[in-house]
Structures are given as C-alpha cells and as structure tokens.
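Undergrad: I am sharing structure.pdb, which consists of PDB, C-alpha atoms and all ligand atoms:
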```pdb
ATOM      1  CA  MET A1165      22.682 -63.146 -61.393
ATOM      2  CA  ALA A1166      24.421 -61.405 -58.505
ATOM      3  CA  GLY A1167      21.717 -61.383 -55.818
ATOM      4  CA  VAL A1168      21.219 -64.490 -53.689
ATOM      5  CA  LEU A1169      17.927 -66.371 -53.573
ATOM      6  CA  TYR A1170      17.033 -67.690 -50.092
ATOM      7  CA  VAL A1171      14.347 -70.348 -50.079
ATOM      8  CA  ILE A1172      12.673 -70.842 -46.699
ATOM      9  CA  SER A1173      10.400 -73.841 -46.188
ATOM     10  CA  GLY A1174       8.766 -75.545 -43.258
ATOM     11  CA  PRO A1175       5.389 -76.720 -42.057
ATOM     12  CA  SER A1176       2.449 -74.409 -41.601
ATOM     13  CA  GLY A1177       2.431 -72.830 -38.138
ATOM     14  CA  VAL A1178       6.156 -73.308 -37.489
ATOM     15  CA  GLY A1179       6.750 -69.543 -37.381
ATOM     16  CA  LYS A1180       8.311 -68.811 -40.796
ATOM     17  CA  THR A1181       6.526 -65.481 -41.255
ATOM     18  CA  SER A1182       7.595 -64.134 -37.846
ATOM     19  CA  ILE A1183      11.195 -65.241 -38.403
ATOM     20  CA  ILE A1184      11.328 -63.695 -41.885
ATOM     21  CA  ASP A1185       9.752 -60.437 -40.620
ATOM     22  CA  GLY A1186      12.418 -60.246 -37.902
ATOM     23  CA  VAL A1187      15.237 -60.903 -40.359
ATOM     24  CA  MET A1188      13.972 -58.298 -42.829
ATOM     25  CA  LYS A1189      14.386 -55.648 -40.114
ATOM     26  CA  LYS A1190      18.009 -56.641 -39.497
ATOM     27  CA  VAL A1191      19.463 -57.421 -42.908
ATOM     28  CA  LYS A1192      20.075 -54.846 -45.599
ATOM     29  CA  ASN A1193      19.507 -55.382 -49.293
ATOM     30  CA  VAL A1194      16.953 -58.167 -48.945
ATOM     31  CA  VAL A1195      13.400 -58.191 -50.278
ATOM     32  CA  PHE A1196      10.544 -60.607 -49.691
ATOM     33  CA  SER A1197       8.865 -62.099 -52.726
ATOM     34  CA  VAL A1198       5.086 -61.799 -52.381
ATOM     35  CA  SER A1199       3.404 -64.918 -53.793
ATOM     36  CA  CYS A1200       0.112 -65.316 -55.615
ATOM     37  CA  THR A1201      -2.500 -67.594 -54.077
ATOM     38  CA  THR A1202      -6.067 -68.744 -54.562
ATOM     39  CA  ARG A1203      -6.460 -69.223 -50.780
ATOM     40  CA  PRO A1204      -9.073 -66.914 -49.220
ATOM     41  CA  LYS A1205      -7.617 -63.853 -47.510
ATOM     42  CA  ARG A1206      -7.451 -63.955 -43.701
ATOM     43  CA  PRO A1207      -8.895 -60.933 -41.844
ATOM     44  CA  ASN A1208      -5.452 -59.574 -40.880
ATOM     45  CA  GLU A1209      -3.928 -59.978 -44.353
ATOM     46  CA  VAL A1210      -3.413 -57.263 -46.958
ATOM     47  CA  ASP A1211      -3.571 -57.919 -50.694
ATOM     48  CA  GLY A1212      -0.182 -57.148 -52.242
ATOM     49  CA  ARG A1213       1.645 -57.265 -48.903
ATOM     50  CA  ASP A1214       1.004 -60.808 -47.649
ATOM     51  CA  TYR A1215      -0.083 -62.303 -50.978
ATOM     52  CA  PHE A1216      -1.597 -61.344 -54.260
ATOM     53  CA  PHE A1217      -5.009 -62.950 -53.825
ATOM     54  CA  VAL A1218      -6.347 -64.154 -57.164
ATOM     55  CA  ASP A1219      -9.092 -66.503 -58.335
ATOM     56  CA  GLU A1220      -8.331 -69.904 -59.825
ATOM     57  CA  ARG A1221      -8.998 -68.775 -63.383
ATOM     58  CA  THR A1222      -6.481 -65.923 -63.095
ATOM     59  CA  PHE A1223      -3.920 -68.230 -61.469
ATOM     60  CA  LYS A1224      -4.203 -70.813 -64.239
ATOM     61  CA  CYS A1225      -3.923 -68.100 -66.857
ATOM     62  CA  MET A1226      -0.697 -66.910 -65.186
ATOM     63  CA  MET A1227       0.582 -70.505 -65.186
ATOM     64  CA  GLU A1228      -0.045 -70.774 -68.918
ATOM     65  CA  GLN A1229       1.797 -67.501 -69.508
ATOM     66  CA  ASP A1230       4.816 -68.907 -67.625
ATOM     67  CA  GLU A1231       4.591 -66.133 -65.042
ATOM     68  CA  PHE A1232       5.707 -68.341 -62.133
ATOM     69  CA  LEU A1233       9.206 -69.355 -61.153
ATOM     70  CA  GLU A1234       7.480 -72.227 -59.376
ATOM     71  CA  TRP A1235       3.946 -73.055 -58.316
ATOM     72  CA  ALA A1236       2.285 -75.818 -56.292
ATOM     73  CA  VAL A1237      -0.992 -76.906 -54.805
ATOM     74  CA  VAL A1238      -0.526 -76.515 -51.060
ATOM     75  CA  HIS A1239      -3.159 -77.589 -48.518
ATOM     76  CA  GLY A1240      -5.714 -77.597 -51.356
ATOM     77  CA  TYR A1241      -4.990 -74.146 -52.873
ATOM     78  CA  TYR A1242      -2.686 -72.837 -55.598
ATOM     79  CA  TYR A1243       0.410 -70.844 -54.596
ATOM     80  CA  GLY A1244       3.049 -69.436 -56.959
ATOM     81  CA  THR A1245       6.170 -67.253 -56.997
ATOM     82  CA  PRO A1246       6.090 -64.402 -59.562
ATOM     83  CA  ARG A1247       9.098 -65.078 -61.797
ATOM     84  CA  LYS A1248       9.706 -61.600 -63.201
ATOM     85  CA  PHE A1249       9.956 -59.900 -59.803
ATOM     86  CA  VAL A1250      12.496 -62.424 -58.498
ATOM     87  CA  GLU A1251      14.632 -62.336 -61.642
ATOM     88  CA  GLU A1252      14.738 -58.535 -61.735
ATOM     89  CA  GLN A1253      15.777 -58.233 -58.093
ATOM     90  CA  LEU A1254      18.542 -60.814 -58.452
ATOM     91  CA  LYS A1255      19.790 -59.140 -61.613
ATOM     92  CA  ASN A1256      19.971 -55.821 -59.704
ATOM     93  CA  ASN A1257      22.108 -57.345 -56.918
ATOM     94  CA  VAL A1258      19.204 -57.503 -54.495
ATOM     95  CA  ASN A1259      18.815 -60.643 -52.382
ATOM     96  CA  VAL A1260      15.407 -62.287 -52.349
ATOM     97  CA  ILE A1261      13.618 -64.369 -49.694
ATOM     98  CA  LEU A1262      10.973 -66.909 -50.723
ATOM     99  CA  ASP A1263       8.601 -68.478 -48.180
ATOM    100  CA  ILE A1264       7.387 -71.502 -50.118
ATOM    101  CA  ASP A1265       6.411 -75.103 -49.475
ATOM    102  CA  VAL A1266       8.694 -78.093 -49.965
ATOM    103  CA  GLN A1267       7.328 -78.961 -53.436
ATOM    104  CA  GLY A1268       8.093 -75.406 -54.576
ATOM    105  CA  ALA A1269      11.565 -75.590 -53.014
ATOM    106  CA  MET A1270      12.286 -78.765 -55.028
ATOM    107  CA  THR A1271      11.321 -76.965 -58.241
ATOM    108  CA  VAL A1272      13.602 -74.034 -57.403
ATOM    109  CA  MET A1273      16.447 -76.491 -56.661
ATOM    110  CA  LYS A1274      16.254 -77.662 -60.259
ATOM    111  CA  LYS A1275      15.891 -74.183 -61.748
ATOM    112  CA  VAL A1276      18.110 -71.793 -59.798
ATOM    113  CA  LYS A1277      21.771 -72.565 -59.484
ATOM    114  CA  ASP A1278      23.258 -71.219 -56.232
ATOM    115  CA  ALA A1279      19.994 -70.670 -54.351
ATOM    116  CA  VAL A1280      20.230 -71.309 -50.596
ATOM    117  CA  PHE A1281      17.724 -73.725 -49.045
ATOM    118  CA  ILE A1282      16.737 -73.395 -45.394
ATOM    119  CA  PHE A1283      14.221 -75.548 -43.544
ATOM    120  CA  ILE A1284      12.469 -74.317 -40.395
ATOM    121  CA  ALA A1285      11.296 -77.160 -38.160
ATOM    122  CA  PRO A1286       9.254 -77.202 -34.948
ATOM    123  CA  PRO A1287      10.858 -78.582 -31.756
ATOM    124  CA  SER A1288       8.295 -81.423 -31.920
ATOM    125  CA  PHE A1289       5.168 -82.417 -33.775
ATOM    126  CA  GLU A1290       3.085 -81.831 -30.631
ATOM    127  CA  GLU A1291       4.418 -78.274 -30.393
ATOM    128  CA  LEU A1292       3.521 -77.651 -34.041
ATOM    129  CA  LYS A1293      -0.027 -78.804 -33.324
ATOM    130  CA  ARG A1294      -0.232 -76.457 -30.320
ATOM    131  CA  ARG A1295       1.058 -73.489 -32.370
ATOM    132  CA  LEU A1296      -1.402 -74.099 -35.195
ATOM    133  CA  MET A1297      -4.297 -74.340 -32.725
ATOM    134  CA  ARG A1298      -3.149 -71.196 -30.918
ATOM    135  CA  ARG A1299      -2.902 -69.292 -34.212
ATOM    136  CA  GLY A1300      -6.517 -70.230 -34.929
ATOM    137  CA  THR A1301      -6.518 -69.003 -38.538
ATOM    138  CA  GLU A1302      -7.777 -72.298 -40.003
ATOM    139  CA  ARG A1303     -10.984 -74.256 -39.678
ATOM    140  CA  GLN A1304     -10.611 -77.614 -37.907
ATOM    141  CA  GLU A1305     -10.666 -79.515 -41.215
ATOM    142  CA  ASP A1306      -8.014 -77.278 -42.829
ATOM    143  CA  MET A1307      -5.861 -77.527 -39.731
ATOM    144  CA  MET A1308      -5.916 -81.329 -39.847
ATOM    145  CA  LYS A1309      -4.864 -81.183 -43.500
ATOM    146  CA  ARG A1310      -1.966 -78.862 -42.627
ATOM    147  CA  LEU A1311      -0.790 -81.265 -39.902
ATOM    148  CA  GLU A1312      -1.054 -84.211 -42.250
ATOM    149  CA  ASP A1313       0.984 -82.305 -44.888
ATOM    150  CA  ALA A1314       3.540 -81.317 -42.218
ATOM    151  CA  LYS A1315       4.554 -84.972 -41.745
ATOM    152  CA  LYS A1316       5.423 -85.271 -45.446
ATOM    153  CA  GLU A1317       7.300 -81.951 -45.394
ATOM    154  CA  LEU A1318       9.450 -82.960 -42.416
ATOM    155  CA  GLU A1319      10.584 -86.067 -44.323
ATOM    156  CA  GLN A1320      12.208 -83.792 -46.919
ATOM    157  CA  ILE A1321      14.563 -82.045 -44.448
ATOM    158  CA  PRO A1322      17.723 -83.900 -45.681
ATOM    159  CA  LYS A1323      17.357 -82.201 -49.079
ATOM    160  CA  PHE A1324      17.918 -78.760 -47.521
ATOM    161  CA  GLN A1325      21.265 -77.099 -46.754
ATOM    162  CA  TYR A1326      20.384 -75.513 -43.408
ATOM    163  CA  LEU A1327      18.026 -76.492 -40.597
ATOM    164  CA  ILE A1328      16.691 -74.105 -37.979
ATOM    165  CA  VAL A1329      14.687 -75.628 -35.131
ATOM    166  CA  ASN A1330      12.392 -72.838 -34.021
ATOM    167  CA  VAL A1331      12.389 -73.089 -30.245
ATOM    168  CA  ASP A1332      12.846 -69.394 -29.533
ATOM    169  CA  LEU A1333      11.808 -66.735 -32.073
ATOM    170  CA  GLN A1334      14.691 -64.339 -31.389
ATOM    171  CA  GLU A1335      17.258 -67.126 -31.585
ATOM    172  CA  SER A1336      15.779 -68.314 -34.904
ATOM    173  CA  ILE A1337      15.898 -64.756 -36.266
ATOM    174  CA  ASP A1338      19.581 -64.550 -35.292
ATOM    175  CA  GLN A1339      20.296 -67.926 -36.884
ATOM    176  CA  LEU A1340      18.614 -67.068 -40.184
ATOM    177  CA  THR A1341      20.398 -63.695 -40.186
ATOM    178  CA  SER A1342      23.741 -65.492 -39.700
ATOM    179  CA  ILE A1343      23.052 -67.836 -42.616
ATOM    180  CA  ILE A1344      22.154 -64.945 -44.914
ATOM    181  CA  VAL A1345      25.194 -62.881 -43.953
ATOM    182  CA  ALA A1346      27.606 -65.847 -44.201
ATOM    183  CA  GLU A1347      26.300 -66.854 -47.619
ATOM    184  CA  GLN A1348      26.861 -63.328 -48.897
ATOM    185  CA  LEU A1349      30.466 -63.408 -47.712
ATOM    186  CA  LYS A1350      31.377 -66.501 -49.734
ATOM    187  CA  VAL A1351      34.445 -65.618 -51.783
ATOM    188  CA  GLU A1352      32.840 -66.270 -55.164
ATOM    189  CA  ARG A1353      29.847 -64.085 -54.253
ATOM    190  CA  VAL A1354      31.941 -61.158 -53.008
ATOM    191  CA  ILE A1355      34.030 -61.283 -56.174
ATOM    192  CA  GLU A1356      30.917 -61.479 -58.329
ATOM    193  CA  ARG A1357      29.432 -58.445 -56.548
ATOM    194  CA  LEU A1358      32.512 -56.256 -56.451
ATOM    195  CA  GLY A1359      34.546 -57.556 -59.372
ATOM    196  CA  SER A1360      37.984 -59.114 -58.862
ATOM    197  CA  HIS A1361      39.784 -56.049 -60.234
ATOM    198  CA  LYS A1362      38.588 -53.982 -57.241
ATOM    199  CA  ILE A1363      39.837 -56.487 -54.695
ATOM    200  CA  PHE A1364      43.130 -57.558 -56.220
ATOM    201  CA  SER A1365      44.201 -54.296 -57.798
ATOM    202  CA  ASP A1366      46.980 -52.476 -55.916
ATOM    203  CA  GLY A1367      45.783 -49.150 -57.261
ATOM    204  CA  GLY A1368      48.962 -48.752 -59.307
ATOM    205  CA  ASP A1369      51.117 -48.215 -56.183
ATOM    206  CA  SER A1370      53.352 -51.247 -56.521
ATOM    207  CA  GLN A1371      56.550 -51.011 -58.523
TER     208      GLN A1371
HETATM  209  P1  LIG A1401      -0.345 -69.985 -45.773
HETATM  210  O1  LIG A1401      -1.651 -70.351 -46.420
HETATM  211  O2  LIG A1401      -0.302 -70.471 -44.338
HETATM  212  O3  LIG A1401       0.005 -68.548 -45.922
HETATM  213  O4  LIG A1401       0.807 -70.784 -46.558
HETATM  214  C1  LIG A1401       0.691 -72.166 -46.715
HETATM  215  C2  LIG A1401       1.970 -72.712 -47.294
HETATM  216  O5  LIG A1401       2.146 -72.249 -48.621
HETATM  217  C3  LIG A1401       3.228 -72.308 -46.538
HETATM  218  O6  LIG A1401       3.990 -73.472 -46.302
HETATM  219  C4  LIG A1401       3.956 -71.390 -47.477
HETATM  220  O7  LIG A1401       5.348 -71.527 -47.344
HETATM  221  C5  LIG A1401       3.482 -71.917 -48.813
HETATM  222  N1  LIG A1401       3.613 -70.924 -49.894
HETATM  223  C6  LIG A1401       3.413 -69.589 -49.831
HETATM  224  N2  LIG A1401       3.658 -69.011 -51.015
HETATM  225  C7  LIG A1401       4.048 -70.002 -51.850
HETATM  226  C8  LIG A1401       4.475 -70.039 -53.209
HETATM  227  O8  LIG A1401       4.551 -69.045 -53.917
HETATM  228  N3  LIG A1401       4.797 -71.255 -53.711
HETATM  229  C9  LIG A1401       4.732 -72.402 -52.980
HETATM  230  N4  LIG A1401       5.097 -73.531 -53.573
HETATM  231  N5  LIG A1401       4.350 -72.404 -51.703
HETATM  232  C10 LIG A1401       4.010 -71.226 -51.136
END
```
Any chance you could put this one into structure tokens?
TA:
Amino acid sequence: MAGVLYVISGPSGVGKTSIIDGVMKKVKNVVFSVSCTTRPKRPNEVDGRDYFFVDERTFKCMMEQDEFLEWAVVHGYYYGTPRKFVEEQLKNNVNVILDIDVQGAMTVMKKVKDAVFIFIAPPSFEELKRRLMRRGTERQEDMMKRLEDAKKELEQIPKFQYLIVNVDLQESIDQLTSIIVAEQLKVERVIERLGSHKIFSDGGDSQ
C-alpha cells in the first residue's frame, strides 16, 4: 500500500478535531476517515461528515461482517473505522488520517505495518478539564467518565512515535503538518510512490 496511514490519538477535549481540520487545509493528498459510532449525534454534527451515526444492532452486524479495521468501546459507546474506505485510499496512494482512541490505535499497530502513530496531549490535566468543561458537549456524568478515561490514555503515550503537546492550536497544526510531510519524504516511501527507475534513471544520456 503506497498511501500512509496517520493514527491520531489523545484524550477527549484535547483539541484533536481542530488540529486535524487545520492540517487538512494545509496538506495535499490527505483524507479523513469518518468513523461509525453508536454515540448520539451532537447538535452541531452532521451524519456522514463527523461520523456515521448507527444504532447498536447495525454496529454489531458490521462487526460480524468484518467491516471495521478496528473498533472499540470508548466512553461507553461503540466506535469503529470502516476498513474498506481506508484500504482503498491507501491503495490509491492517498494518505489517510484516523482520529481514534488508544485501544483502537493499539489494534492498528498490530494490523498495519508502517502506520504512523501520533499522540496529542494537553499541557496539564487541569487544562484538559477546563477545555472539556468549556466545550460543554457532554453531560456532567459523561464528562467525568471522559476525564477518568483520559488518565488511562495518557499512560499509553510511550507506545506512540510522536507526541504533540497542544498548548497553542496553530503551533500544533504546524507540528502535525511537519510530521506528515516528513514521513512522506522518507526514502523508502518516495521510492515506493515514484518507482526507483524514475529517480535513478539517467534518461539514457550517459555513455
Ligand atoms: P467523541 O465522542 O468525542 O467524538 O470521540 C470520543 C473518542 O472516540 C475520541 O477519543 C476519538 O478519538 C475516539 N474515536 C472516534 N472514532 C473512533 C474509531 O473509529 N475507533 C476508535 N477506536 N475510537 C474512535
């Protein structure tokens, strides 16, 4: 597969969506993989853009049909990455960004050779709490669960290849952009994309 799979993880409320949105505007040839979830839709969300919102029965049916590259129960709901979409994009040389939780990232680590794993962390736990409260998309009980889960997610940071501490949104966008661009310029990836004959051939000029 010639496209690169970028797996972005980090606790709820850390700012992953805003960072990814910013990067998508700057980097060419990258698509975002829209996940399926059983979580209720938030008022500002659009089905098919933010998630494919499905009921639990449909989700489990998709699991049985092996339609997910990975899936996990996150903060009490099912979330999964549609396998076919990701595989087709990578096969067509298109790079793919996943925004998934740490459990999902661990599954992808076992399944996809050469994927790139990036963790986005808050500057502090207190700041994460403030951001989640400011966002106000969750009920108090759900928010407490997300904070509890965040502690476990932060413990998994050493398993990732890159770590962005999201202090300033623009700086984080620049950092993620740099990682994506640098990964694509790795010698083996350039050769895989272009073919070694194109790079090393002298065009028949040498005698
Ligand atoms: P939210 O409900 O705030 O949109 O997302 C909650 C968490 O689920 C986030 O950490 C997000 O990264 C994760 N998530 C979103 N889609 C998927 C997915 O397809 N698989 C997994 N494992 N996690 C996901």
Undergrad: For the file shown, report as a PDB file with C-alpha atoms, keeping the file's coordinate frame the outcome of the PyMOL selection byres (((chain A and resi 1282) around 8) and not hetatm) at residue level.
TA:
```pdb
ATOM      1  CA  TYR A1170      17.033 -67.690 -50.092  1.00  0.00           C
ATOM      2  CA  VAL A1171      14.347 -70.348 -50.079  1.00  0.00           C
ATOM      3  CA  ILE A1172      12.673 -70.842 -46.699  1.00  0.00           C
ATOM      4  CA  SER A1173      10.400 -73.841 -46.188  1.00  0.00           C
ATOM      5  CA  VAL A1280      20.230 -71.309 -50.596  1.00  0.00           C
ATOM      6  CA  PHE A1281      17.724 -73.725 -49.045  1.00  0.00           C
ATOM      7  CA  PHE A1283      14.221 -75.548 -43.544  1.00  0.00           C
ATOM      8  CA  ILE A1284      12.469 -74.317 -40.395  1.00  0.00           C
ATOM      9  CA  PHE A1324      17.918 -78.760 -47.521  1.00  0.00           C
ATOM     10  CA  GLN A1325      21.265 -77.099 -46.754  1.00  0.00           C
ATOM     11  CA  TYR A1326      20.384 -75.513 -43.408  1.00  0.00           C
ATOM     12  CA  LEU A1327      18.026 -76.492 -40.597  1.00  0.00           C
ATOM     13  CA  ILE A1328      16.691 -74.105 -37.979  1.00  0.00           C
TER      14      ILE A1328
END
```
Undergrad: Run the PyMOL selection byres (((not hetatm)) within 10 of (chain A and resi 1401)) mentally over the shown coordinates, then write out the matched residues as a compact mmCIF listing (two decimals) with C-alpha atoms, in the frame of the given file, using the chain letters and numbers from the document.
TA:
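So the final result, stored in out.txt, reads:
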```txt
# COMPACT_ATOMS: atom_id res chain seq x y z
CA VAL A 1171 14.35 -70.35 -50.08
CA ILE A 1172 12.67 -70.84 -46.70
CA SER A 1173 10.40 -73.84 -46.19
CA GLY A 1174 8.77 -75.54 -43.26
CA PRO A 1175 5.39 -76.72 -42.06
CA SER A 1176 2.45 -74.41 -41.60
CA GLY A 1177 2.43 -72.83 -38.14
CA VAL A 1178 6.16 -73.31 -37.49
CA GLY A 1179 6.75 -69.54 -37.38
CA LYS A 1180 8.31 -68.81 -40.80
CA THR A 1181 6.53 -65.48 -41.26
CA SER A 1197 8.86 -62.10 -52.73
CA VAL A 1198 5.09 -61.80 -52.38
CA SER A 1199 3.40 -64.92 -53.79
CA CYS A 1200 0.11 -65.32 -55.62
CA THR A 1201 -2.50 -67.59 -54.08
CA THR A 1202 -6.07 -68.74 -54.56
CA ARG A 1203 -6.46 -69.22 -50.78
CA PRO A 1204 -9.07 -66.91 -49.22
CA LYS A 1205 -7.62 -63.85 -47.51
CA ARG A 1206 -7.45 -63.96 -43.70
CA GLU A 1209 -3.93 -59.98 -44.35
CA ASP A 1214 1.00 -60.81 -47.65
CA TYR A 1215 -0.08 -62.30 -50.98
CA PHE A 1216 -1.60 -61.34 -54.26
CA PHE A 1232 5.71 -68.34 -62.13
CA LEU A 1233 9.21 -69.36 -61.15
CA GLU A 1234 7.48 -72.23 -59.38
CA TRP A 1235 3.95 -73.06 -58.32
CA ALA A 1236 2.28 -75.82 -56.29
CA VAL A 1237 -0.99 -76.91 -54.80
CA VAL A 1238 -0.53 -76.52 -51.06
CA HIS A 1239 -3.16 -77.59 -48.52
CA GLY A 1240 -5.71 -77.60 -51.36
CA TYR A 1241 -4.99 -74.15 -52.87
CA TYR A 1242 -2.69 -72.84 -55.60
CA TYR A 1243 0.41 -70.84 -54.60
CA GLY A 1244 3.05 -69.44 -56.96
CA THR A 1245 6.17 -67.25 -57.00
CA PRO A 1246 6.09 -64.40 -59.56
CA ARG A 1247 9.10 -65.08 -61.80
CA LEU A 1262 10.97 -66.91 -50.72
CA ASP A 1263 8.60 -68.48 -48.18
CA ILE A 1264 7.39 -71.50 -50.12
CA ASP A 1265 6.41 -75.10 -49.48
CA VAL A 1266 8.69 -78.09 -49.96
CA GLN A 1267 7.33 -78.96 -53.44
CA GLY A 1268 8.09 -75.41 -54.58
CA ALA A 1269 11.56 -75.59 -53.01
CA MET A 1270 12.29 -78.76 -55.03
CA THR A 1271 11.32 -76.96 -58.24
CA VAL A 1272 13.60 -74.03 -57.40
CA LEU A 1296 -1.40 -74.10 -35.20
CA THR A 1301 -6.52 -69.00 -38.54
CA GLU A 1302 -7.78 -72.30 -40.00
CA ARG A 1310 -1.97 -78.86 -42.63
CA ASP A 1313 0.98 -82.30 -44.89
CA ALA A 1314 3.54 -81.32 -42.22
CA GLU A 1317 7.30 -81.95 -45.39
```
Undergrad: Name the residues in contact with Asn1257 in chain A at a cut-off of 10 Å, using all atoms listed in the file, excluding same-chain residues fewer than 5 positions from it; report them as a list in words.
TA: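 My reading of the contact set: Met1165, Ala1166, Gly1167, Val1168, Asn1193, Val1194, Glu1252, Glu1356 and Arg1357 of chain A.
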Undergrad: With a distance cut-off of 6 Å and only C-alpha atoms, select the neighbouring residues of range 1287-1289 of chain A, excluding the residue or stretch itself and same-chain residues fewer than 2 positions from it, and output the selection as a PDB file with C-alpha atoms, keeping the file's coordinate frame.
TA:
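Saved file result_2.pdb follows:
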```
ATOM      1  CA  GLU A1291       4.418 -78.274 -30.393  1.00  0.00           C
ATOM      2  CA  LEU A1292       3.521 -77.651 -34.041  1.00  0.00           C
ATOM      3  CA  VAL A1329      14.687 -75.628 -35.131  1.00  0.00           C
ATOM      4  CA  VAL A1331      12.389 -73.089 -30.245  1.00  0.00           C
TER       5      VAL A1331
END
```
Undergrad: For CA of Ser1182 in chain A and CA of Gln1304 in chain A, quote the distance in Å rounded to one decimal.
TA: 22.7 Å
Undergrad: Hey, can you check how far CA of Gly1186 in chain A sits from CA of Ile1344 in chain A?
TA: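 About the pair CA of Gly1186 in chain A and CA of Ile1344 in chain A: they are 12.9 Å apart.
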Undergrad: Could you please determine the separation between CA of Arg1294 in chain A and CA of Asn1330 in chain A in Å, to one decimal place?
TA: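 Going from CA of Arg1294 in chain A over to CA of Asn1330 in chain A, I get 13.6 Å.
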